[in-house]
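Accompanying notes for the structure given below.
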Amino acid sequence: MNIVETSGLSKTYRSGLFKRSIVHALTEVSLSVRKGEIFGLLGPNGAGKTTFVKILLSIVHPTQGEATVAGEKLGSPSIRERSGYLPENHRYPAFLTGLQTLIFFGSLNGMRGKALADRAHQLLELVGLQDWKKVKIKRYSKGMLQRLGLAQALLNDPDLLFLDEPTDGVDPVGRKEIRDLLTSLRNQDKTIFLNSHLLSEVEMISDRVAILNKGKVLKIGTIAELTSKQIEYELLLDRSLDDSIIEKLRPHLLSLNVEGKKLVIAVETNVELNTSIDILRSKGILIESMAQKRTTLEDSFIDLIQREATS
Ligand SMILES: Nc1ncnc2c1ncn2[C@@H]1O[C@H](COP(=O)(O)OP(=O)(O)O)[C@@H](O)[C@H]1O
Ligand SMILES: [Mg+2]
């Protein structure tokens, strides 16, 4: 079942003097998020990621298009009741402690008394801040603030979490902690919608990804689907190749690069890989080592954005 479904969502902002400057923040974005997955919306700054999430939560109204969240049309109050939201660059009053922050936000949610206090303590433990709950948040690191933000987003026990740049500005250890937390939440049947301009982060935890650039979706799929168009291998040979062998190899390969004894080839399947190995061996060449180089989402992303820029 799809928990988020959008069809042709577009958003145009008008700003500046007499609202004459027009920004097409989103253009006909159609995508769906399945229940229980971590979905990554990936794109450079200004791509429209924040606008997209704000539309789903009715903070911003779309210029065109439709969407449902948890089966409800945009604007339905039950969407916010069932969602948690970690806004980007959120700021909490620095004089509050972690515990006070959660109590404050919980009371805004209509939670009260012992139920709220219990929930706040339980969430502080979940995000690993139990020892810091009585410390003022001005002493928290960026990673701790983001974990507190996650706890805040979880106060109403939502089915669906919208996280806008949850690891931005967080150090590597803090990032790993947040990733682990998100994976464990997914395993508790929550759906996580993650905005990020950080490819490697998204790549490590998302089940599916949409690549957004200048308001348009360029691709949607699993990481494997977005990256497995070609497989690269790096072979170390016992000698450098002469031109006649290179010409024999070339028709079987998507690309070929020779650097001394190092040969880097790209193939579609391992059939072409084996053909290449056969050709090398038939010329008496020894393969000293071979390693598969994975095409990362980053390669695929850069490739897509560059193609978009030149088309
Ligand atoms: N309130 C606004 N008024 C005018 N332009 C805006 C507003 N909010 C966002 N934009 C513009 O819309 C585009 C998309 O912004 P945003 O959704 O914040 O992208 P992202 O989150 O991917 O960085 C950007 O060009 C941004 O400057
Ligand atoms: Mg943003």
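Convention: chains lettered A, B, ... in structure tokens order; per-chain residue numbering from 1; ligands numbered from 1 as shown.
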Legend entry - Backbone DSSP call of strand (DSSP E) for segment 45-272 of chain A, listed as number ranges by chain: A: 64-69, 72-73, 83-86, 160-164, 191-196, 208-213, 216-222, 231-237, 255-259, 262-267
For the selection you just gave me, I'd like the residues written to a file as a compact mmCIF listing (two decimals), in the first residue's frame, keeping N, CA and C atoms.
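The resulting file, again_6.txt, is reproduced below:
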```txt
# COMPACT_ATOMS: atom_id res chain seq x y z
N GLN A 64 -0.51 23.46 -8.37
CA GLN A 64 -1.25 22.49 -9.18
C GLN A 64 -0.99 21.09 -8.67
N GLY A 65 -1.87 20.17 -9.01
CA GLY A 65 -1.64 18.77 -8.70
C GLY A 65 -2.37 18.31 -7.46
N GLU A 66 -2.26 17.01 -7.22
CA GLU A 66 -2.98 16.40 -6.10
C GLU A 66 -2.08 15.45 -5.35
N ALA A 67 -2.49 15.17 -4.12
CA ALA A 67 -1.73 14.20 -3.33
C ALA A 67 -2.60 13.60 -2.25
N THR A 68 -2.27 12.39 -1.86
CA THR A 68 -2.87 11.81 -0.67
C THR A 68 -1.75 11.34 0.26
N VAL A 69 -2.02 11.48 1.56
CA VAL A 69 -1.10 10.97 2.58
C VAL A 69 -1.93 10.08 3.49
N GLU A 72 -5.55 10.07 2.85
CA GLU A 72 -6.34 11.31 3.04
C GLU A 72 -5.87 12.38 2.06
N LYS A 73 -6.81 13.18 1.62
CA LYS A 73 -6.46 14.30 0.72
C LYS A 73 -5.69 15.37 1.47
N SER A 83 1.45 12.05 11.27
CA SER A 83 2.81 12.31 10.79
C SER A 83 3.68 12.93 11.87
N GLY A 84 4.96 12.65 11.78
CA GLY A 84 5.95 13.36 12.58
C GLY A 84 6.80 14.15 11.62
N TYR A 85 7.31 15.30 12.08
CA TYR A 85 8.04 16.18 11.17
C TYR A 85 9.27 16.74 11.87
N LEU A 86 10.41 16.51 11.25
CA LEU A 86 11.64 17.15 11.71
C LEU A 86 12.03 18.18 10.65
N LEU A 160 4.16 7.84 10.02
CA LEU A 160 4.95 8.38 8.92
C LEU A 160 5.81 9.53 9.44
N LEU A 161 7.10 9.45 9.14
CA LEU A 161 8.03 10.48 9.62
C LEU A 161 8.60 11.24 8.43
N PHE A 162 8.52 12.56 8.48
CA PHE A 162 9.14 13.40 7.46
C PHE A 162 10.38 14.04 8.08
N LEU A 163 11.53 13.70 7.53
CA LEU A 163 12.77 14.22 8.10
C LEU A 163 13.49 15.05 7.04
N ASP A 164 13.67 16.33 7.34
CA ASP A 164 14.29 17.21 6.36
C ASP A 164 15.75 17.44 6.74
N THR A 191 7.06 4.42 8.38
CA THR A 191 7.51 4.82 7.06
C THR A 191 8.33 6.10 7.24
N ILE A 192 9.47 6.15 6.60
CA ILE A 192 10.33 7.32 6.77
C ILE A 192 10.57 7.99 5.42
N PHE A 193 10.24 9.26 5.37
CA PHE A 193 10.48 10.07 4.18
C PHE A 193 11.62 11.02 4.52
N LEU A 194 12.69 10.88 3.78
CA LEU A 194 13.93 11.55 4.14
C LEU A 194 14.34 12.49 3.02
N ASN A 195 14.51 13.77 3.35
CA ASN A 195 15.07 14.72 2.38
C ASN A 195 16.54 14.84 2.63
N SER A 196 17.34 14.81 1.58
CA SER A 196 18.76 15.02 1.82
C SER A 196 19.49 15.45 0.56
N ARG A 208 14.18 3.07 -1.33
CA ARG A 208 14.01 3.64 -2.66
C ARG A 208 14.36 5.12 -2.62
N VAL A 209 14.68 5.65 -3.80
CA VAL A 209 15.17 7.01 -3.89
C VAL A 209 14.52 7.71 -5.08
N ALA A 210 14.21 8.99 -4.92
CA ALA A 210 13.85 9.81 -6.08
C ALA A 210 14.91 10.89 -6.19
N ILE A 211 15.37 11.13 -7.40
CA ILE A 211 16.34 12.19 -7.61
C ILE A 211 15.62 13.41 -8.17
N LEU A 212 15.73 14.50 -7.42
CA LEU A 212 15.03 15.73 -7.78
C LEU A 212 16.07 16.77 -8.16
N ASN A 213 15.83 17.46 -9.27
CA ASN A 213 16.72 18.55 -9.67
C ASN A 213 15.89 19.66 -10.27
N LYS A 216 12.21 19.01 -10.71
CA LYS A 216 11.71 17.88 -11.50
C LYS A 216 12.32 16.57 -11.03
N VAL A 217 11.48 15.52 -11.04
CA VAL A 217 11.99 14.20 -10.69
C VAL A 217 12.73 13.64 -11.91
N LEU A 218 13.99 13.31 -11.72
CA LEU A 218 14.76 12.75 -12.83
C LEU A 218 14.67 11.23 -12.85
N LYS A 219 14.59 10.63 -11.69
CA LYS A 219 14.57 9.16 -11.61
C LYS A 219 13.97 8.72 -10.30
N ILE A 220 13.32 7.56 -10.31
CA ILE A 220 12.85 6.95 -9.06
C ILE A 220 13.18 5.46 -9.12
N GLY A 221 13.67 4.92 -8.04
CA GLY A 221 13.91 3.48 -8.03
C GLY A 221 14.69 3.06 -6.81
N THR A 222 15.00 1.77 -6.74
CA THR A 222 15.87 1.31 -5.66
C THR A 222 17.28 1.77 -6.01
N ILE A 231 28.70 -2.41 -14.75
CA ILE A 231 29.57 -2.85 -13.67
C ILE A 231 31.00 -2.60 -14.12
N GLU A 232 31.78 -2.01 -13.23
CA GLU A 232 33.17 -1.75 -13.59
C GLU A 232 34.09 -2.72 -12.87
N TYR A 233 35.11 -3.15 -13.59
CA TYR A 233 36.12 -4.01 -12.99
C TYR A 233 37.49 -3.39 -13.21
N GLU A 234 38.30 -3.53 -12.20
CA GLU A 234 39.67 -3.07 -12.33
C GLU A 234 40.57 -4.30 -12.31
N LEU A 235 41.32 -4.49 -13.38
CA LEU A 235 42.19 -5.65 -13.50
C LEU A 235 43.65 -5.19 -13.47
N LEU A 236 44.45 -5.91 -12.71
CA LEU A 236 45.88 -5.64 -12.73
C LEU A 236 46.54 -6.78 -13.50
N LEU A 237 47.26 -6.43 -14.57
CA LEU A 237 47.84 -7.44 -15.46
C LEU A 237 49.35 -7.55 -15.24
N SER A 255 33.07 0.53 -21.75
CA SER A 255 34.19 1.47 -21.75
C SER A 255 35.46 0.73 -21.34
N LEU A 256 36.57 1.32 -21.68
CA LEU A 256 37.86 0.67 -21.43
C LEU A 256 38.90 1.76 -21.17
N ASN A 257 39.69 1.54 -20.15
CA ASN A 257 40.73 2.50 -19.80
C ASN A 257 42.00 1.77 -19.44
N VAL A 258 43.09 2.15 -20.06
CA VAL A 258 44.35 1.48 -19.75
C VAL A 258 45.31 2.48 -19.15
N GLU A 259 45.94 2.04 -18.06
CA GLU A 259 46.93 2.90 -17.42
C GLU A 259 48.07 1.98 -17.01
N LYS A 262 47.36 -1.44 -15.48
CA LYS A 262 46.00 -1.41 -14.93
C LYS A 262 44.98 -1.23 -16.04
N LEU A 263 43.97 -2.10 -16.01
CA LEU A 263 42.92 -2.04 -17.02
C LEU A 263 41.59 -1.87 -16.30
N VAL A 264 40.86 -0.82 -16.65
CA VAL A 264 39.53 -0.63 -16.05
C VAL A 264 38.49 -0.79 -17.15
N ILE A 265 37.59 -1.74 -16.97
CA ILE A 265 36.58 -1.98 -17.99
C ILE A 265 35.18 -1.87 -17.38
N ALA A 266 34.24 -1.48 -18.23
CA ALA A 266 32.84 -1.45 -17.79
C ALA A 266 32.05 -2.38 -18.69
N VAL A 267 31.24 -3.23 -18.07
CA VAL A 267 30.46 -4.22 -18.83
C VAL A 267 29.01 -4.19 -18.36
```
Would you list the residues that come within 12 Å of ligand 2? Count only C-alpha atoms and all ligand atoms and give the answer as a compact mmCIF listing (two decimals) with all heavy atoms, in the first residue's frame.
```txt
# COMPACT_ATOMS: atom_id res chain seq x y z
N ALA A 25 9.46 26.02 -8.10
CA ALA A 25 10.11 25.17 -7.10
C ALA A 25 9.85 23.69 -7.38
O ALA A 25 10.72 22.85 -7.15
CB ALA A 25 9.63 25.54 -5.71
N LEU A 41 14.43 11.40 -0.71
CA LEU A 41 14.29 12.41 -1.78
C LEU A 41 15.61 13.16 -1.81
O LEU A 41 15.98 13.85 -0.87
CB LEU A 41 13.11 13.35 -1.49
CG LEU A 41 12.82 14.41 -2.56
CD1 LEU A 41 12.49 13.76 -3.90
CD2 LEU A 41 11.66 15.29 -2.13
N LEU A 42 16.28 12.99 -2.94
CA LEU A 42 17.67 13.41 -3.03
C LEU A 42 17.81 14.50 -4.07
O LEU A 42 17.24 14.38 -5.15
CB LEU A 42 18.43 12.15 -3.47
CG LEU A 42 19.89 12.21 -3.63
CD1 LEU A 42 20.52 12.47 -2.29
CD2 LEU A 42 20.38 10.86 -4.16
N GLY A 43 18.54 15.54 -3.75
CA GLY A 43 18.75 16.58 -4.75
C GLY A 43 19.57 17.70 -4.17
O GLY A 43 19.63 17.86 -2.96
N PRO A 44 20.22 18.48 -5.05
CA PRO A 44 21.05 19.58 -4.56
C PRO A 44 20.20 20.66 -3.88
O PRO A 44 18.97 20.64 -3.99
CB PRO A 44 21.70 20.13 -5.83
CG PRO A 44 20.86 19.65 -6.96
CD PRO A 44 20.19 18.39 -6.51
N ASN A 45 20.85 21.60 -3.20
CA ASN A 45 20.11 22.69 -2.56
C ASN A 45 19.29 23.43 -3.60
O ASN A 45 19.74 23.66 -4.71
CB ASN A 45 21.09 23.66 -1.89
CG ASN A 45 21.66 23.07 -0.62
OD1 ASN A 45 20.98 22.29 0.07
ND2 ASN A 45 22.90 23.40 -0.32
N GLY A 46 18.06 23.75 -3.22
CA GLY A 46 17.19 24.47 -4.13
C GLY A 46 16.40 23.57 -5.07
O GLY A 46 15.63 24.05 -5.90
N ALA A 47 16.55 22.26 -4.95
CA ALA A 47 15.88 21.32 -5.85
C ALA A 47 14.36 21.30 -5.63
O ALA A 47 13.61 20.95 -6.52
CB ALA A 47 16.45 19.91 -5.66
N GLY A 48 13.93 21.64 -4.41
CA GLY A 48 12.49 21.64 -4.13
C GLY A 48 12.08 20.62 -3.07
O GLY A 48 10.89 20.43 -2.81
N LYS A 49 13.05 20.01 -2.40
CA LYS A 49 12.76 18.95 -1.43
C LYS A 49 11.92 19.45 -0.25
O LYS A 49 10.92 18.83 0.13
CB LYS A 49 14.08 18.34 -0.89
CG LYS A 49 15.03 17.85 -1.96
CD LYS A 49 16.31 17.31 -1.37
CE LYS A 49 17.16 18.32 -0.62
NZ LYS A 49 17.74 19.38 -1.48
N THR A 50 12.34 20.57 0.32
CA THR A 50 11.60 21.11 1.48
C THR A 50 10.19 21.52 1.07
O THR A 50 9.22 21.24 1.79
CB THR A 50 12.38 22.30 2.09
OG1 THR A 50 13.64 21.80 2.56
CG2 THR A 50 11.63 22.93 3.24
N THR A 51 10.08 22.13 -0.09
CA THR A 51 8.76 22.53 -0.58
C THR A 51 7.85 21.31 -0.69
O THR A 51 6.68 21.36 -0.31
CB THR A 51 8.91 23.23 -1.96
OG1 THR A 51 9.74 24.38 -1.79
CG2 THR A 51 7.56 23.63 -2.52
N PHE A 52 8.39 20.22 -1.19
CA PHE A 52 7.59 19.00 -1.37
C PHE A 52 7.01 18.52 -0.04
O PHE A 52 5.81 18.26 0.08
CB PHE A 52 8.45 17.91 -2.02
CG PHE A 52 7.69 16.66 -2.35
CD1 PHE A 52 6.86 16.60 -3.46
CD2 PHE A 52 7.78 15.54 -1.53
CE1 PHE A 52 6.13 15.47 -3.75
CE2 PHE A 52 7.06 14.39 -1.82
CZ PHE A 52 6.24 14.35 -2.93
N VAL A 53 7.86 18.43 0.97
CA VAL A 53 7.40 17.97 2.28
C VAL A 53 6.39 18.95 2.89
O VAL A 53 5.37 18.56 3.45
CB VAL A 53 8.61 17.75 3.22
CG1 VAL A 53 8.17 17.66 4.66
CG2 VAL A 53 9.35 16.49 2.81
N LYS A 54 6.67 20.25 2.72
CA LYS A 54 5.74 21.26 3.27
C LYS A 54 4.37 21.16 2.60
O LYS A 54 3.35 21.39 3.25
CB LYS A 54 6.32 22.67 3.09
CG LYS A 54 7.45 22.98 4.07
CD LYS A 54 7.91 24.40 3.87
CE LYS A 54 8.92 24.81 4.93
NZ LYS A 54 9.49 26.13 4.60
N LEU A 86 10.41 16.51 11.25
CA LEU A 86 11.64 17.15 11.71
C LEU A 86 12.03 18.18 10.65
O LEU A 86 12.53 17.82 9.59
CB LEU A 86 12.76 16.10 11.88
CG LEU A 86 14.14 16.65 12.23
CD1 LEU A 86 14.16 17.30 13.60
CD2 LEU A 86 15.19 15.53 12.18
N PRO A 87 11.74 19.46 10.90
CA PRO A 87 12.04 20.48 9.90
C PRO A 87 13.54 20.67 9.73
O PRO A 87 14.31 20.33 10.64
CB PRO A 87 11.42 21.76 10.48
CG PRO A 87 10.63 21.35 11.66
CD PRO A 87 11.17 20.04 12.13
N GLU A 88 13.96 21.21 8.60
CA GLU A 88 15.40 21.47 8.44
C GLU A 88 15.77 22.69 9.28
O GLU A 88 14.94 23.56 9.52
CB GLU A 88 15.78 21.64 6.97
CG GLU A 88 15.33 22.90 6.31
CD GLU A 88 15.74 23.00 4.83
OE1 GLU A 88 16.78 22.46 4.44
OE2 GLU A 88 15.00 23.63 4.08
N ASN A 89 17.01 22.73 9.73
CA ASN A 89 17.52 23.85 10.54
C ASN A 89 16.59 24.24 11.68
O ASN A 89 16.38 25.42 11.94
CB ASN A 89 17.73 25.11 9.68
CG ASN A 89 18.60 24.84 8.50
OD1 ASN A 89 19.59 24.12 8.61
ND2 ASN A 89 18.25 25.39 7.35
N HIS A 90 15.99 23.24 12.33
CA HIS A 90 15.08 23.58 13.43
C HIS A 90 15.89 24.14 14.59
O HIS A 90 17.07 23.83 14.75
CB HIS A 90 14.30 22.34 13.88
CG HIS A 90 15.19 21.29 14.45
ND1 HIS A 90 15.63 21.31 15.75
CD2 HIS A 90 15.77 20.20 13.89
CE1 HIS A 90 16.42 20.29 15.96
NE2 HIS A 90 16.52 19.59 14.85
N LEU A 163 11.53 13.70 7.53
CA LEU A 163 12.77 14.22 8.10
C LEU A 163 13.49 15.05 7.04
O LEU A 163 13.84 14.55 5.98
CB LEU A 163 13.67 13.07 8.56
CG LEU A 163 12.98 12.03 9.45
CD1 LEU A 163 13.94 10.89 9.76
CD2 LEU A 163 12.49 12.68 10.74
N ASP A 164 13.67 16.33 7.34
CA ASP A 164 14.29 17.21 6.36
C ASP A 164 15.75 17.44 6.74
O ASP A 164 16.03 18.12 7.72
CB ASP A 164 13.50 18.53 6.30
CG ASP A 164 13.71 19.27 4.99
OD1 ASP A 164 14.62 18.88 4.23
OD2 ASP A 164 12.95 20.22 4.72
N GLU A 165 16.64 16.86 5.98
CA GLU A 165 18.09 16.96 6.21
C GLU A 165 18.48 16.57 7.64
O GLU A 165 19.12 17.35 8.35
CB GLU A 165 18.59 18.39 5.93
CG GLU A 165 18.18 18.96 4.57
CD GLU A 165 19.05 18.49 3.41
OE1 GLU A 165 20.00 17.71 3.65
OE2 GLU A 165 18.75 18.87 2.27
N PRO A 166 18.10 15.36 8.07
CA PRO A 166 18.35 14.99 9.47
C PRO A 166 19.83 14.87 9.84
O PRO A 166 20.15 14.98 11.02
CB PRO A 166 17.66 13.63 9.61
CG PRO A 166 17.59 13.09 8.23
CD PRO A 166 17.43 14.28 7.33
N ASP A 168 22.34 16.77 8.36
CA ASP A 168 23.10 17.94 7.92
C ASP A 168 23.87 18.55 9.09
O ASP A 168 23.31 18.80 10.15
CB ASP A 168 22.12 18.97 7.34
CG ASP A 168 22.84 19.99 6.48
OD1 ASP A 168 23.99 19.73 6.08
OD2 ASP A 168 22.26 21.06 6.22
N LEU A 194 12.69 10.88 3.78
CA LEU A 194 13.93 11.55 4.14
C LEU A 194 14.34 12.49 3.02
O LEU A 194 14.48 12.07 1.88
CB LEU A 194 14.95 10.42 4.28
CG LEU A 194 16.36 10.70 4.64
CD1 LEU A 194 16.42 10.99 6.12
CD2 LEU A 194 17.20 9.45 4.35
N ASN A 195 14.51 13.77 3.35
CA ASN A 195 15.07 14.72 2.38
C ASN A 195 16.54 14.84 2.63
O ASN A 195 16.94 15.02 3.79
CB ASN A 195 14.50 16.12 2.64
CG ASN A 195 13.19 16.36 1.94
OD1 ASN A 195 12.76 15.56 1.13
ND2 ASN A 195 12.57 17.49 2.23
N SER A 196 17.34 14.81 1.58
CA SER A 196 18.76 15.02 1.82
C SER A 196 19.49 15.45 0.56
O SER A 196 19.14 15.06 -0.54
CB SER A 196 19.40 13.75 2.37
OG SER A 196 20.77 13.98 2.65
N HIS A 197 20.51 16.30 0.75
CA HIS A 197 21.39 16.58 -0.38
C HIS A 197 22.66 15.75 -0.24
O HIS A 197 23.56 15.84 -1.05
CB HIS A 197 21.71 18.08 -0.46
CG HIS A 197 22.55 18.57 0.68
ND1 HIS A 197 22.01 18.87 1.91
CD2 HIS A 197 23.88 18.77 0.79
CE1 HIS A 197 22.98 19.25 2.72
NE2 HIS A 197 24.13 19.19 2.07
N LEU A 198 22.70 14.90 0.79
CA LEU A 198 23.89 14.08 1.04
C LEU A 198 23.70 12.68 0.48
O LEU A 198 23.04 11.84 1.07
CB LEU A 198 24.16 14.00 2.55
CG LEU A 198 24.43 15.35 3.22
CD1 LEU A 198 24.38 15.22 4.73
CD2 LEU A 198 25.77 15.89 2.77
N LEU A 212 15.73 14.50 -7.42
CA LEU A 212 15.03 15.73 -7.78
C LEU A 212 16.07 16.77 -8.16
O LEU A 212 17.07 16.95 -7.47
CB LEU A 212 14.24 16.20 -6.54
CG LEU A 212 13.21 17.31 -6.71
CD1 LEU A 212 12.00 16.79 -7.51
CD2 LEU A 212 12.71 17.81 -5.36
N GLY A 215 13.34 21.10 -9.30
CA GLY A 215 11.90 20.89 -9.20
C GLY A 215 11.34 19.71 -9.98
O GLY A 215 10.14 19.45 -9.92
```
Inset, instruction - For atom CA of Gln230 of chain A and atom CA of Leu249 of chain A, quote the distance in Å rounded to one decimal. - result: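 Those two atoms sit 16.5 Å apart.
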Legend entry - Shell of 8 Å around segment 242-245 of chain A, only C-alpha atoms, local chain residues under 3 positions omitted, as a list of chain:residue names: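 The filter keeps A:Lys248, A:Leu249, A:Ile279, A:Leu280.
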Mind dumping the selected residues with N, CA, C and O atoms as a PDB file, in the first residue's frame?
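Now in part.pdb:
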```
ATOM      1  N   LYS A 248      40.854  -5.556 -29.825  1.00  0.00           N
ATOM      2  CA  LYS A 248      40.083  -6.806 -29.738  1.00  0.00           C
ATOM      3  C   LYS A 248      39.072  -6.748 -28.596  1.00  0.00           C
ATOM      4  O   LYS A 248      37.973  -7.302 -28.680  1.00  0.00           O
ATOM      5  N   LEU A 249      39.467  -6.110 -27.496  1.00  0.00           N
ATOM      6  CA  LEU A 249      38.598  -6.038 -26.315  1.00  0.00           C
ATOM      7  C   LEU A 249      37.448  -5.057 -26.514  1.00  0.00           C
ATOM      8  O   LEU A 249      36.316  -5.300 -26.106  1.00  0.00           O
ATOM      9  N   ILE A 279      39.960 -13.334 -23.880  1.00  0.00           N
ATOM     10  CA  ILE A 279      40.834 -12.678 -24.869  1.00  0.00           C
ATOM     11  C   ILE A 279      42.222 -12.436 -24.260  1.00  0.00           C
ATOM     12  O   ILE A 279      43.248 -12.756 -24.866  1.00  0.00           O
ATOM     13  N   LEU A 280      42.239 -11.927 -23.024  1.00  0.00           N
ATOM     14  CA  LEU A 280      43.526 -11.653 -22.362  1.00  0.00           C
ATOM     15  C   LEU A 280      44.333 -12.936 -22.194  1.00  0.00           C
ATOM     16  O   LEU A 280      45.525 -12.995 -22.518  1.00  0.00           O
TER      17      LEU A 280
END
```
Inset, instruction - May I ask which of the residues A:Gln152, A:Thr12, A:Ser300, A:Asn187 is the closest one to ligand 1, counting only C-alpha atoms and all ligand atoms? - result: A:Thr12
Inset, instruction - Can you work out which one of A:Ser15, A:Ser76, A:Asn2, A:Ser240 has the shortest atom-to-atom distance to ligand 1, counting only C-alpha atoms and all ligand atoms? - result: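 For ligand 1, the nearest of the candidates is A:Ser15.
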Inset, instruction - Identify which of the residues A:Leu148, A:Leu57, A:Leu155, A:Asp131 lies closest to Phe105 of chain A, counting only C-alpha atoms when measuring atom-to-atom distances. - result: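 Residue with the minimum atom-to-atom distance to Phe105 of chain A: A:Leu155.
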Inset, instruction - Can you list, as a PyMOL selection string, all residues belonging to segment 171-241 of chain A that DSSP tags as helix (DSSP H, G or I)? - result: chain A and resi 172-187+199-205+223-227
Inset, instruction - Could you give me, as an MDAnalysis selection string, the residues within 7 Å of segment 269-278 of chain A, counting only C-alpha atoms and dropping anything in the same chain fewer than 4 positions from it? - result: chainID A and resid 249 252:253 282
Legend entry - Neighbour list for Leu96 of chain A as a list in words, cut-off 7 Å, only C-alpha atoms, skip fewer than 5 positions in-chain: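 What passes the distance filter is Thr101, Lys136 and Ile137 of chain A.
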Legend entry - Residue with smallest distance to ligand 1 - pool A:Gly260, A:Pro77, A:Pro62, A:Gly149, counting only C-alpha atoms and all ligand atoms: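 Between A:Gly260, A:Pro77, A:Pro62, A:Gly149, the residue approaching ligand 1 most closely is A:Pro62.
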Inset, instruction - Would you mind telling me which residue in A:Glu288, A:Glu28, A:Asp171, A:Glu298 lies nearest to Asp238 of chain A when using only C-alpha atoms? - result: A:Glu288
Legend entry - Contact residues around segment 117-129 of chain A with only C-alpha atoms at 6 Å, ignoring same-chain residues under 6 positions, as JSON, numbers by chain: {"A": [102, 147, 151]}
Legend entry - Using only C-alpha atoms and all ligand atoms: which of A:Leu31, A:Met1, A:Ala94, A:Val60 has the shortest distance to ligand 1: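 Nearest candidate to ligand 1 out of A:Leu31, A:Met1, A:Ala94, A:Val60: A:Val60.
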